[in-house]
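Trainee: Contents are mmCIF, C-alpha atoms and all ligand atoms; file name upload-v1.cif:
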```cif
data_start
loop_
_atom_site.group_PDB
_atom_site.id
_atom_site.type_symbol
_atom_site.label_atom_id
_atom_site.label_comp_id
_atom_site.auth_asym_id
_atom_site.auth_seq_id
_atom_site.Cartn_x
_atom_site.Cartn_y
_atom_site.Cartn_z
ATOM 1 C CA MET A 514 -34.514 142.805 -189.129
ATOM 2 C CA PRO A 515 -32.488 145.855 -190.370
ATOM 3 C CA GLU A 516 -30.319 147.747 -187.838
ATOM 4 C CA PRO A 517 -31.379 151.296 -186.935
ATOM 5 C CA ARG A 518 -29.710 153.876 -189.245
ATOM 6 C CA GLY A 519 -26.202 154.802 -188.105
ATOM 7 C CA HIS A 520 -25.734 151.649 -186.026
ATOM 8 C CA THR A 521 -23.793 148.553 -187.031
ATOM 9 C CA ALA A 522 -23.915 145.287 -185.208
ATOM 10 C CA SER A 523 -20.638 144.136 -183.681
ATOM 11 C CA ARG A 524 -19.948 140.426 -183.647
ATOM 12 C CA HIS A 525 -17.338 140.899 -180.898
ATOM 13 C CA CYS A 526 -18.083 141.837 -177.314
ATOM 14 C CA SER A 527 -16.443 145.173 -176.252
ATOM 15 C CA PRO A 528 -14.745 145.391 -172.760
ATOM 16 C CA VAL A 529 -17.713 147.446 -171.486
ATOM 17 C CA GLY A 530 -20.156 144.911 -172.911
ATOM 18 C CA ALA A 531 -18.219 142.096 -171.210
ATOM 19 C CA ILE A 532 -18.487 143.832 -167.800
ATOM 20 C CA VAL A 533 -22.231 144.383 -168.268
ATOM 21 C CA LEU A 534 -22.656 140.754 -169.275
ATOM 22 C CA LEU A 535 -20.620 139.536 -166.277
ATOM 23 C CA ALA A 536 -22.630 141.728 -163.880
ATOM 24 C CA ALA A 537 -25.877 140.408 -165.337
ATOM 25 C CA LEU A 538 -24.653 136.865 -164.624
ATOM 26 C CA LEU A 539 -23.325 137.624 -161.131
ATOM 27 C CA VAL A 540 -26.225 139.665 -159.661
ATOM 28 C CA PRO A 541 -28.707 136.753 -159.691
ATOM 29 C CA LEU A 542 -25.996 134.530 -158.130
ATOM 30 C CA ALA A 543 -25.298 137.083 -155.390
ATOM 31 C CA THR A 544 -29.002 137.398 -154.529
ATOM 32 C CA ALA A 545 -29.772 133.697 -154.999
ATOM 33 C CA GLY A 546 -30.046 133.159 -151.216
ATOM 34 C CA GLN A 547 -32.400 136.112 -150.819
ATOM 35 C CA THR A 548 -36.041 135.610 -151.771
ATOM 36 C CA ARG A 549 -37.707 138.482 -153.552
ATOM 37 C CA PRO A 550 -40.754 139.630 -151.531
ATOM 38 C CA THR A 551 -44.124 138.554 -152.898
ATOM 39 C CA VAL A 552 -47.530 140.040 -152.153
ATOM 40 C CA GLY A 553 -49.361 137.951 -149.547
ATOM 41 C CA GLN A 554 -46.189 136.525 -147.999
ATOM 42 C CA ALA A 555 -46.271 135.951 -144.244
ATOM 43 C CA GLY A 556 -45.027 138.769 -142.018
ATOM 44 C CA LYS A 557 -44.175 138.693 -138.324
ATOM 45 C CA ASP A 558 -47.690 139.625 -137.153
ATOM 46 C CA VAL A 559 -49.481 140.296 -140.431
ATOM 47 C CA PRO A 560 -48.753 139.386 -144.082
ATOM 48 C CA TRP A 561 -47.557 141.854 -146.684
ATOM 49 C CA VAL A 562 -50.541 143.170 -148.628
ATOM 50 C CA PRO A 563 -49.975 146.592 -150.212
ATOM 51 C CA THR A 564 -52.401 149.485 -149.882
ATOM 52 C CA PRO A 565 -53.655 150.568 -153.336
ATOM 53 C CA ASP A 566 -51.854 153.770 -154.371
ATOM 54 C CA VAL A 567 -55.107 155.712 -154.630
ATOM 55 C CA LEU A 568 -55.927 154.820 -151.014
ATOM 56 C CA VAL A 569 -52.388 155.769 -149.907
ATOM 57 C CA ASP A 570 -53.009 159.203 -151.450
ATOM 58 C CA THR A 571 -56.382 159.457 -149.688
ATOM 59 C CA MET A 572 -54.849 158.522 -146.316
ATOM 60 C CA LEU A 573 -52.089 161.119 -146.647
ATOM 61 C CA GLU A 574 -54.575 163.741 -147.807
ATOM 62 C CA MET A 575 -56.860 163.060 -144.819
ATOM 63 C CA ALA A 576 -53.841 163.405 -142.521
ATOM 64 C CA ASP A 577 -53.047 166.700 -144.275
ATOM 65 C CA VAL A 578 -49.391 165.664 -144.701
ATOM 66 C CA SER A 579 -47.028 168.571 -145.374
ATOM 67 C CA PRO A 580 -43.269 169.272 -145.313
ATOM 68 C CA ASP A 581 -43.658 170.004 -141.563
ATOM 69 C CA ASP A 582 -44.486 166.368 -140.817
ATOM 70 C CA LEU A 583 -42.634 163.278 -139.738
ATOM 71 C CA VAL A 584 -44.688 160.376 -141.087
ATOM 72 C CA VAL A 585 -44.129 156.866 -139.685
ATOM 73 C CA ASP A 586 -45.611 153.859 -141.468
ATOM 74 C CA LEU A 587 -45.835 150.881 -139.096
ATOM 75 C CA GLY A 588 -45.260 147.725 -141.149
ATOM 76 C CA SER A 589 -44.124 149.567 -144.251
ATOM 77 C CA GLY A 590 -44.117 146.719 -146.808
ATOM 78 C CA ASP A 591 -42.582 147.876 -150.113
ATOM 79 C CA GLY A 592 -42.341 151.462 -148.823
ATOM 80 C CA ARG A 593 -45.100 152.962 -150.964
ATOM 81 C CA THR A 594 -46.699 155.051 -148.168
ATOM 82 C CA VAL A 595 -43.327 156.353 -146.997
ATOM 83 C CA ILE A 596 -42.347 157.267 -150.568
ATOM 84 C CA ALA A 597 -45.696 158.970 -151.220
ATOM 85 C CA ALA A 598 -45.334 161.011 -148.010
ATOM 86 C CA ALA A 599 -41.818 162.068 -149.018
ATOM 87 C CA ARG A 600 -43.153 163.144 -152.408
ATOM 88 C CA LEU A 601 -45.355 165.580 -150.441
ATOM 89 C CA GLY A 602 -42.186 166.959 -148.849
ATOM 90 C CA ALA A 603 -42.528 165.220 -145.469
ATOM 91 C CA ARG A 604 -39.787 163.279 -143.729
ATOM 92 C CA ALA A 605 -40.951 159.688 -143.608
ATOM 93 C CA ILE A 606 -39.832 156.519 -141.837
ATOM 94 C CA GLY A 607 -40.897 152.962 -142.599
ATOM 95 C CA ILE A 608 -40.786 150.363 -139.830
ATOM 96 C CA GLU A 609 -40.662 146.875 -141.301
ATOM 97 C CA TYR A 610 -39.645 143.524 -139.794
ATOM 98 C CA ASP A 611 -38.725 141.835 -143.076
ATOM 99 C CA PRO A 612 -35.206 142.825 -144.254
ATOM 100 C CA ALA A 613 -35.996 141.926 -147.886
ATOM 101 C CA LEU A 614 -38.914 144.392 -147.861
ATOM 102 C CA VAL A 615 -36.650 147.026 -146.302
ATOM 103 C CA ALA A 616 -34.102 146.450 -149.093
ATOM 104 C CA LEU A 617 -36.846 146.713 -151.731
ATOM 105 C CA SER A 618 -38.218 149.912 -150.119
ATOM 106 C CA THR A 619 -34.772 151.508 -149.985
ATOM 107 C CA GLN A 620 -34.266 150.752 -153.676
ATOM 108 C CA ARG A 621 -37.726 152.112 -154.580
ATOM 109 C CA ALA A 622 -37.131 155.317 -152.568
ATOM 110 C CA ASP A 623 -33.830 155.750 -154.394
ATOM 111 C CA GLU A 624 -35.521 155.274 -157.773
ATOM 112 C CA ALA A 625 -38.215 157.780 -156.758
ATOM 113 C CA GLY A 626 -35.514 160.339 -155.862
ATOM 114 C CA VAL A 627 -36.633 160.671 -152.222
ATOM 115 C CA SER A 628 -33.779 158.895 -150.393
ATOM 116 C CA ASP A 629 -32.870 162.098 -148.549
ATOM 117 C CA LEU A 630 -36.336 162.306 -146.947
ATOM 118 C CA THR A 631 -36.877 158.613 -146.228
ATOM 119 C CA GLU A 632 -35.526 155.994 -143.879
ATOM 120 C CA PHE A 633 -36.437 152.327 -143.520
ATOM 121 C CA ILE A 634 -35.739 150.564 -140.246
ATOM 122 C CA THR A 635 -35.739 146.802 -139.811
ATOM 123 C CA THR A 636 -37.388 146.260 -136.459
ATOM 124 C CA ASP A 637 -40.552 145.160 -134.683
ATOM 125 C CA LEU A 638 -43.105 147.954 -134.905
ATOM 126 C CA PHE A 639 -44.064 147.397 -131.255
ATOM 127 C CA GLU A 640 -40.499 148.276 -130.234
ATOM 128 C CA TYR A 641 -40.297 151.574 -132.112
ATOM 129 C CA ASP A 642 -40.534 154.903 -130.251
ATOM 130 C CA LEU A 643 -43.356 156.889 -131.884
ATOM 131 C CA SER A 644 -42.991 160.050 -129.803
ATOM 132 C CA GLN A 645 -41.474 162.170 -132.620
ATOM 133 C CA ALA A 646 -44.067 161.210 -135.258
ATOM 134 C CA THR A 647 -46.691 163.758 -136.292
ATOM 135 C CA VAL A 648 -48.502 161.316 -138.616
ATOM 136 C CA ILE A 649 -48.749 157.542 -138.213
ATOM 137 C CA THR A 650 -50.037 155.313 -140.996
ATOM 138 C CA LEU A 651 -51.321 151.771 -140.453
ATOM 139 C CA PHE A 652 -52.393 148.810 -142.495
ATOM 140 C CA LEU A 653 -52.212 146.052 -139.923
ATOM 141 C CA LEU A 654 -55.065 144.120 -138.290
ATOM 142 C CA PRO A 655 -57.708 145.125 -135.711
ATOM 143 C CA ASP A 656 -56.038 143.258 -132.815
ATOM 144 C CA LEU A 657 -52.648 144.842 -133.601
ATOM 145 C CA ASN A 658 -54.265 148.294 -133.794
ATOM 146 C CA LEU A 659 -55.841 147.625 -130.395
ATOM 147 C CA ARG A 660 -52.413 146.696 -128.983
ATOM 148 C CA LEU A 661 -51.099 150.045 -130.257
ATOM 149 C CA ARG A 662 -54.111 152.084 -129.122
ATOM 150 C CA SER A 663 -52.962 153.119 -125.642
ATOM 151 C CA THR A 664 -49.553 154.205 -127.027
ATOM 152 C CA LEU A 665 -51.219 156.156 -129.834
ATOM 153 C CA PHE A 666 -53.611 157.859 -127.407
ATOM 154 C CA THR A 667 -50.722 159.224 -125.318
ATOM 155 C CA LEU A 668 -48.918 160.817 -128.284
ATOM 156 C CA GLU A 669 -48.688 164.595 -128.633
ATOM 157 C CA PRO A 670 -52.189 166.103 -129.093
ATOM 158 C CA GLY A 671 -52.766 166.837 -132.771
ATOM 159 C CA THR A 672 -50.846 163.765 -134.007
ATOM 160 C CA ARG A 673 -52.821 162.243 -136.873
ATOM 161 C CA ILE A 674 -53.326 158.508 -137.267
ATOM 162 C CA VAL A 675 -54.658 157.073 -140.518
ATOM 163 C CA SER A 676 -55.540 153.428 -141.035
ATOM 164 C CA ASN A 677 -56.400 151.408 -144.094
ATOM 165 C CA THR A 678 -59.740 149.725 -143.239
ATOM 166 C CA TRP A 679 -59.214 148.628 -139.618
ATOM 167 C CA ALA A 680 -60.365 150.653 -136.623
ATOM 168 C CA LEU A 681 -58.455 150.885 -133.343
ATOM 169 C CA ASP A 682 -60.827 148.876 -131.156
ATOM 170 C CA GLY A 683 -59.988 145.245 -131.981
ATOM 171 C CA TRP A 684 -62.000 142.598 -133.791
ATOM 172 C CA ASP A 685 -65.060 142.998 -131.576
ATOM 173 C CA ASP A 686 -65.408 146.732 -132.046
ATOM 174 C CA ASP A 687 -69.017 147.786 -131.959
ATOM 175 C CA PRO A 688 -69.580 151.207 -133.482
ATOM 176 C CA ASP A 689 -72.784 151.524 -131.423
ATOM 177 C CA ALA A 690 -71.152 150.701 -128.106
ATOM 178 C CA GLY A 691 -69.828 154.245 -127.875
ATOM 179 C CA ASN A 692 -66.876 153.380 -125.651
ATOM 180 C CA GLY A 693 -64.200 152.807 -128.282
ATOM 181 C CA TRP A 694 -61.974 155.353 -130.017
ATOM 182 C CA ALA A 695 -64.167 156.123 -133.026
ATOM 183 C CA PRO A 696 -62.509 157.682 -136.084
ATOM 184 C CA ASP A 697 -62.840 161.462 -136.479
ATOM 185 C CA GLU A 698 -63.285 161.014 -140.237
ATOM 186 C CA THR A 699 -63.954 158.127 -142.614
ATOM 187 C CA VAL A 700 -63.597 158.104 -146.408
ATOM 188 C CA VAL A 701 -64.709 155.161 -148.538
ATOM 189 C CA LEU A 702 -63.454 155.154 -152.128
ATOM 190 C CA ASP A 703 -65.986 154.374 -154.834
ATOM 191 C CA PRO A 704 -65.168 152.505 -157.008
ATOM 192 C CA CYS A 705 -63.306 150.373 -154.494
ATOM 193 C CA PRO A 706 -59.724 149.428 -155.474
ATOM 194 C CA THR A 707 -59.761 146.189 -153.323
ATOM 195 C CA TRP A 708 -59.081 148.119 -150.100
ATOM 196 C CA CYS A 709 -61.096 151.315 -150.027
ATOM 197 C CA THR A 710 -61.623 152.679 -146.493
ATOM 198 C CA SER A 711 -59.418 155.298 -144.866
ATOM 199 C CA LEU A 712 -59.968 156.188 -141.208
ATOM 200 C CA LEU A 713 -58.521 159.249 -139.452
ATOM 201 C CA TRP A 714 -58.022 159.918 -135.745
ATOM 202 C CA VAL A 715 -56.532 163.096 -134.298
ATOM 203 C CA VAL A 716 -54.929 162.479 -130.890
ATOM 204 C CA PRO A 717 -56.959 164.584 -128.453
ATOM 205 C CA ALA A 718 -55.640 166.808 -125.683
ATOM 206 C CA LYS A 719 -56.327 165.452 -122.201
ATOM 207 C CA VAL A 720 -58.925 167.524 -120.365
ATOM 208 C CA GLU A 721 -60.379 165.233 -117.734
ATOM 209 C CA GLY A 722 -60.587 167.080 -114.398
ATOM 210 C CA THR A 723 -62.023 170.189 -112.809
ATOM 211 C CA TRP A 724 -61.511 173.571 -114.466
ATOM 212 C CA ARG A 725 -62.151 177.063 -113.064
ATOM 213 C CA LEU A 726 -64.113 179.389 -115.321
ATOM 214 C CA SER A 727 -65.173 182.955 -114.509
ATOM 215 C CA GLU A 728 -68.794 181.740 -114.499
ATOM 216 C CA GLY A 729 -68.180 178.666 -112.308
ATOM 217 C CA GLU A 730 -66.622 175.212 -112.179
ATOM 218 C CA LEU A 731 -66.387 172.910 -115.153
ATOM 219 C CA SER A 732 -66.041 169.183 -114.367
ATOM 220 C CA LEU A 733 -65.028 167.139 -117.412
ATOM 221 C CA ASP A 734 -64.938 163.405 -118.071
ATOM 222 C CA GLN A 735 -63.172 162.215 -121.209
ATOM 223 C CA THR A 736 -63.497 159.017 -123.244
ATOM 224 C CA PHE A 737 -60.948 159.336 -126.056
ATOM 225 C CA GLN A 738 -62.139 162.443 -127.965
ATOM 226 C CA MET A 739 -65.600 162.564 -126.364
ATOM 227 C CA VAL A 740 -66.173 164.948 -123.453
ATOM 228 C CA ALA A 741 -69.025 165.025 -120.917
ATOM 229 C CA GLY A 742 -69.491 166.531 -117.457
ATOM 230 C CA THR A 743 -71.174 169.467 -115.753
ATOM 231 C CA LEU A 744 -70.906 173.243 -115.402
ATOM 232 C CA ARG A 745 -71.694 174.409 -111.868
ATOM 233 C CA THR A 746 -72.611 178.095 -111.542
ATOM 234 C CA GLU A 747 -74.303 180.229 -108.856
ATOM 235 C CA THR A 748 -77.664 179.436 -110.414
ATOM 236 C CA GLY A 749 -77.282 175.657 -110.624
ATOM 237 C CA THR A 750 -75.558 172.712 -112.333
ATOM 238 C CA ILE A 751 -76.103 171.991 -116.005
ATOM 239 C CA PRO A 752 -74.856 169.067 -118.097
ATOM 240 C CA ILE A 753 -72.120 169.433 -120.726
ATOM 241 C CA GLU A 754 -73.434 168.235 -124.092
ATOM 242 C CA ASP A 755 -71.935 167.608 -127.552
ATOM 243 C CA GLY A 756 -68.454 167.778 -125.984
ATOM 244 C CA ARG A 757 -65.658 166.806 -128.367
ATOM 245 C CA LEU A 758 -61.929 167.258 -128.908
ATOM 246 C CA ARG A 759 -59.985 167.242 -132.133
ATOM 247 C CA GLY A 760 -56.342 167.527 -131.199
ATOM 248 C CA THR A 761 -56.137 170.639 -129.029
ATOM 249 C CA GLU A 762 -59.465 172.047 -130.257
ATOM 250 C CA ILE A 763 -62.401 171.645 -127.888
ATOM 251 C CA ARG A 764 -66.088 172.333 -128.259
ATOM 252 C CA PHE A 765 -69.055 171.702 -125.985
ATOM 253 C CA ARG A 766 -72.451 173.095 -125.088
ATOM 254 C CA ALA A 767 -73.727 174.083 -121.642
ATOM 255 C CA GLY A 768 -77.400 175.061 -121.755
ATOM 256 C CA ASP A 769 -77.820 177.596 -124.546
ATOM 257 C CA THR A 770 -74.120 178.575 -124.675
ATOM 258 C CA ARG A 771 -71.752 176.964 -127.205
ATOM 259 C CA TYR A 772 -68.083 176.953 -126.240
ATOM 260 C CA THR A 773 -65.243 176.542 -128.721
ATOM 261 C CA GLY A 774 -61.595 176.892 -127.804
ATOM 262 C CA ARG A 775 -58.086 175.526 -127.654
ATOM 263 C CA VAL A 776 -56.414 173.516 -124.905
ATOM 264 C CA ASP A 777 -52.859 174.385 -123.942
ATOM 265 C CA GLY A 778 -51.811 172.081 -121.103
ATOM 266 C CA THR A 779 -53.566 173.334 -117.991
ATOM 267 C CA THR A 780 -55.380 176.245 -119.635
ATOM 268 C CA MET A 781 -58.084 176.534 -122.274
ATOM 269 C CA ARG A 782 -59.395 179.624 -123.959
ATOM 270 C CA GLY A 783 -61.757 180.511 -126.759
ATOM 271 C CA VAL A 784 -65.119 182.027 -127.618
ATOM 272 C CA ALA A 785 -68.501 181.284 -126.014
ATOM 273 C CA GLN A 786 -71.537 181.914 -128.200
ATOM 274 C CA THR A 787 -74.365 182.995 -125.876
ATOM 275 C CA PRO A 788 -77.928 183.974 -126.969
ATOM 276 C CA SER A 789 -76.901 187.614 -126.556
ATOM 277 C CA GLY A 790 -73.584 187.385 -128.458
ATOM 278 C CA ALA A 791 -70.016 186.052 -128.423
ATOM 279 C CA VAL A 792 -67.763 186.442 -125.376
ATOM 280 C CA ASP A 793 -64.205 185.284 -124.680
ATOM 281 C CA TRP A 794 -63.770 182.515 -122.113
ATOM 282 C CA ASN A 795 -60.835 180.890 -120.431
ATOM 283 C CA ALA A 796 -60.416 178.122 -117.903
ATOM 284 C CA THR A 797 -57.619 176.810 -115.700
ATOM 285 C CA LEU A 798 -57.234 173.250 -114.515
ATOM 286 C CA SER A 799 -57.698 173.233 -110.756
ATOM 287 C CA ARG A 800 -57.517 169.475 -110.019
HETATM 288 C C1 LIG B 901 -50.556 144.643 -144.689
HETATM 289 S S1 LIG B 901 -48.851 145.036 -144.954
HETATM 290 C C2 LIG B 901 -48.925 146.821 -145.174
HETATM 291 C C3 LIG B 901 -47.755 147.367 -145.953
HETATM 292 C C4 LIG B 901 -47.781 148.877 -146.173
HETATM 293 N N1 LIG B 901 -47.914 149.605 -144.922
HETATM 294 C C5 LIG B 901 -48.895 149.265 -147.093
HETATM 295 O O1 LIG B 901 -49.913 149.812 -146.591
HETATM 296 O O2 LIG B 901 -48.787 149.041 -148.310
HETATM 297 C C6 LIG B 901 -48.178 144.864 -143.308
HETATM 298 C C7 LIG B 901 -46.673 144.867 -143.219
HETATM 299 O O3 LIG B 901 -46.292 144.780 -141.849
HETATM 300 C C8 LIG B 901 -45.125 143.977 -141.728
HETATM 301 N N2 LIG B 901 -45.089 143.481 -140.342
HETATM 302 C C9 LIG B 901 -45.843 142.501 -139.796
HETATM 303 N N3 LIG B 901 -45.586 142.396 -138.483
HETATM 304 C C10 LIG B 901 -44.649 143.328 -138.185
HETATM 305 C C11 LIG B 901 -43.989 143.732 -136.981
HETATM 306 N N4 LIG B 901 -44.247 143.164 -135.814
HETATM 307 N N5 LIG B 901 -43.091 144.731 -137.053
HETATM 308 C C12 LIG B 901 -42.809 145.343 -138.236
HETATM 309 N N6 LIG B 901 -43.409 145.004 -139.403
HETATM 310 C C13 LIG B 901 -44.321 144.025 -139.376
HETATM 311 C C14 LIG B 901 -45.309 142.917 -142.781
HETATM 312 O O4 LIG B 901 -44.067 142.352 -143.155
HETATM 313 C C15 LIG B 901 -45.969 143.711 -143.923
HETATM 314 O O5 LIG B 901 -45.013 144.236 -144.801
#
```
Transcribe the structure of this file into structure tokens.
Ligand SMILES: C[S@@+](CC[C@H](N)C(=O)[O-])C[C@H]1O[C@@H](n2cnc3c(N)ncnc32)[C@H](O)[C@@H]1O
Mentor:
Amino acid sequence: MPEPRGHTASRHCSPVGAIVLLAALLVPLATAGQTRPTVGQAGKDVPWVPTPDVLVDTMLEMADVSPDDLVVDLGSGDGRTVIAAARLGARAIGIEYDPALVALSTQRADEAGVSDLTEFITTDLFEYDLSQATVITLFLLPDLNLRLRSTLFTLEPGTRIVSNTWALDGWDDDPDAGNGWAPDETVVLDPCPTWCTSLLWVVPAKVEGTWRLSEGELSLDQTFQMVAGTLRTETGTIPIEDGRLRGTEIRFRAGDTRYTGRVDGTTMRGVAQTPSGAVDWNATLSR
């Protein structure tokens, strides 16, 4: 085959060529004791199976990831979710037990030009402190999600959790039972790229207790993001219906009045839509 114009083949190896050749021979020797990760390999609690890139994008979009976020991927595999989050401008941390996957992720983040926004930590995901995270991404298994659930529920209200396929209620979750932590949103990709379901939860504010309103006393019970209870006024006691939290946002209905508002610790305030018009409301936690 003729050489490209302007180039002549050298029969002798230059010093630079010799170094390149030596490095090419030495690198495989240096890494001979280290196995390159393979899809499906066993992990500490769950094997490494990557989320399809299109589903990673969907999960991050549902979580509304922005440069204001700290995204933590629990069991981060080859780092693809962390890298994708960093490409959106977020700081992102991968927690991964397998050091070879951490090394691969670090290299991939470097190649993607997002090393400054990413960090990969070799540790057990159950040992990691999640309190600073604003978004948590999961592709684990239902029983592992259930083990994490109580920790996730106590995170800062508004923290978003997105999971590839598995809900938070364990293997026996029954969507009709109504006592689990149901997702706030579900997206199923069609066509399905092997794994196609993304589930979103927004950590709700905690409102269980008795609140003082100008019109009476509001007693609230809370099961994850679902809210029930009663409103006691001078004219009687009426049930709270359609009560729901999404982060710090609350909405519920009492009789023919629809309340929407925001929870800020021991106070809530917002707008009540009555049959005769909208009025401001506020409530204070009394016990
Ligand atoms: C199903 S893969 C998901 C990888 C990545 N998050 C993704 O969506 O592409 C689960 C990952 O969790 C890791 N893993 C399993 N148990 C773990 C544990 N206890 N602590 C940290 N990582 C763990 C596995 O090594 C594997 O890389």
Trainee: List the spatial neighbours of Pro563 (chain A) as a list of chain:residue names - criterion: any atom at most 12 Å away, all atoms listed in the file, same-chain residues fewer than 2 positions off excluded.
Mentor: A:Pro550, A:Thr551, A:Val552, A:Gly553, A:Gln554, A:Val559, A:Pro560, A:Trp561, A:Pro565, A:Asp566, A:Val567, A:Leu568, A:Val569, A:Gly588, A:Ser589, A:Gly590, A:Asp591, A:Gly592, A:Arg593, A:Thr594, A:Leu614, A:Leu651, A:Phe652, A:Leu653, A:Asn677, A:Pro706, A:Thr707, A:Trp708
Trainee: Emit the selected residues as an mmCIF file, keeping the file's coordinate frame, including C-alpha atoms.
Mentor:
```cif
data_model
loop_
_atom_site.group_PDB
_atom_site.id
_atom_site.type_symbol
_atom_site.label_atom_id
_atom_site.label_comp_id
_atom_site.auth_asym_id
_atom_site.auth_seq_id
_atom_site.Cartn_x
_atom_site.Cartn_y
_atom_site.Cartn_z
ATOM 1 C CA PRO A 550 -40.754 139.630 -151.531
ATOM 2 C CA THR A 551 -44.124 138.554 -152.898
ATOM 3 C CA VAL A 552 -47.530 140.040 -152.153
ATOM 4 C CA GLY A 553 -49.361 137.951 -149.547
ATOM 5 C CA GLN A 554 -46.189 136.525 -147.999
ATOM 6 C CA VAL A 559 -49.481 140.296 -140.431
ATOM 7 C CA PRO A 560 -48.753 139.386 -144.082
ATOM 8 C CA TRP A 561 -47.557 141.854 -146.684
ATOM 9 C CA PRO A 565 -53.655 150.568 -153.336
ATOM 10 C CA ASP A 566 -51.854 153.770 -154.371
ATOM 11 C CA VAL A 567 -55.107 155.712 -154.630
ATOM 12 C CA LEU A 568 -55.927 154.820 -151.014
ATOM 13 C CA VAL A 569 -52.388 155.769 -149.907
ATOM 14 C CA GLY A 588 -45.260 147.725 -141.149
ATOM 15 C CA SER A 589 -44.124 149.567 -144.251
ATOM 16 C CA GLY A 590 -44.117 146.719 -146.808
ATOM 17 C CA ASP A 591 -42.582 147.876 -150.113
ATOM 18 C CA GLY A 592 -42.341 151.462 -148.823
ATOM 19 C CA ARG A 593 -45.100 152.962 -150.964
ATOM 20 C CA THR A 594 -46.699 155.051 -148.168
ATOM 21 C CA LEU A 614 -38.914 144.392 -147.861
ATOM 22 C CA LEU A 651 -51.321 151.771 -140.453
ATOM 23 C CA PHE A 652 -52.393 148.810 -142.495
ATOM 24 C CA LEU A 653 -52.212 146.052 -139.923
ATOM 25 C CA ASN A 677 -56.400 151.408 -144.094
ATOM 26 C CA PRO A 706 -59.724 149.428 -155.474
ATOM 27 C CA THR A 707 -59.761 146.189 -153.323
ATOM 28 C CA TRP A 708 -59.081 148.119 -150.100
#
```
Trainee: Apply the PyMOL selection byres (((chain A and resi 660) around 12) and not hetatm) to the file shown and report the selected residues as a list of chain:residue names.
Mentor: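 After applying the PyMOL selection byres (((chain A and resi 660) around 12) and not hetatm), what remains is A:Asp558, A:Leu638, A:Phe639, A:Leu653, A:Leu654, A:Pro655, A:Asp656, A:Leu657, A:Asn658, A:Leu659, A:Leu661, A:Arg662, A:Ser663, A:Thr664, A:Leu665, A:Phe666, A:Ala680, A:Leu681, A:Asp682, A:Gly683, A:Trp684.
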Trainee: Compile the contact shell of region 792-797 of chain A as a PDB file with C-alpha atoms, in the coordinates of the input: residues with an atom at most 8 Å away, counting only C-alpha atoms, same-chain residues fewer than 3 positions apart removed.
Mentor:
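Output below, filename selection-v9.pdb:
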```
ATOM      1  CA  TRP A 724     -61.511 173.571-114.466  1.00  0.00           C
ATOM      2  CA  ARG A 725     -62.151 177.063-113.064  1.00  0.00           C
ATOM      3  CA  LEU A 726     -64.113 179.389-115.321  1.00  0.00           C
ATOM      4  CA  SER A 727     -65.173 182.955-114.509  1.00  0.00           C
ATOM      5  CA  THR A 779     -53.566 173.334-117.991  1.00  0.00           C
ATOM      6  CA  THR A 780     -55.380 176.245-119.635  1.00  0.00           C
ATOM      7  CA  MET A 781     -58.084 176.534-122.274  1.00  0.00           C
ATOM      8  CA  ARG A 782     -59.395 179.624-123.959  1.00  0.00           C
ATOM      9  CA  GLY A 783     -61.757 180.511-126.759  1.00  0.00           C
ATOM     10  CA  VAL A 784     -65.119 182.027-127.618  1.00  0.00           C
ATOM     11  CA  ALA A 785     -68.501 181.284-126.014  1.00  0.00           C
ATOM     12  CA  GLN A 786     -71.537 181.914-128.200  1.00  0.00           C
ATOM     13  CA  THR A 787     -74.365 182.995-125.876  1.00  0.00           C
TER      14      THR A 787
END
```
Trainee: Would you mind telling me which residue in A:Thr647, A:Tyr610, A:Thr571, A:Thr564 lies nearest to Val584 (chain A) when using only C-alpha atoms?
Mentor: A:Thr647
Trainee: Which residues come within 9 Å of Thr699 (chain A), counting only C-alpha atoms, excluding same-chain residues fewer than 2 positions away, as a ChimeraX atom specification?
Mentor: /A:575,696-697,701,710-713
Trainee: Please evaluate the PyMOL selection byres (((chain A and resi 753-758) around 9) and not hetatm) against the structure above and give the resulting residues as an MDAnalysis selection string.
Mentor: chainID A and resid 715:719 731:733 735 737:744 751:752 759:768
Trainee: Could I see region 753-757 of chain A restored to N, CA, C and O atoms, set down as a CSV table (one decimal), in the frame of the given file?
Mentor:
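See rebuild26.csv below for the written result:
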```csv
chain,number,residue,atom,x,y,z
A,753,ILE,N,-72.9,169.1,-119.5
A,753,ILE,CA,-72.1,169.4,-120.7
A,753,ILE,C,-72.6,168.5,-121.8
A,753,ILE,O,-72.7,167.3,-121.6
A,754,GLU,N,-72.9,169.1,-123.0
A,754,GLU,CA,-73.4,168.2,-124.1
A,754,GLU,C,-72.6,168.5,-125.4
A,754,GLU,O,-72.0,169.5,-125.5
A,755,ASP,N,-72.6,167.5,-126.3
A,755,ASP,CA,-71.9,167.6,-127.6
A,755,ASP,C,-70.5,168.0,-127.4
A,755,ASP,O,-69.9,168.7,-128.2
A,756,GLY,N,-69.9,167.5,-126.3
A,756,GLY,CA,-68.5,167.8,-126.0
A,756,GLY,C,-67.5,166.9,-126.8
A,756,GLY,O,-67.7,165.7,-126.9
A,757,ARG,N,-66.5,167.5,-127.5
A,757,ARG,CA,-65.7,166.8,-128.4
A,757,ARG,C,-64.3,167.5,-128.5
A,757,ARG,O,-64.3,168.8,-128.5
```
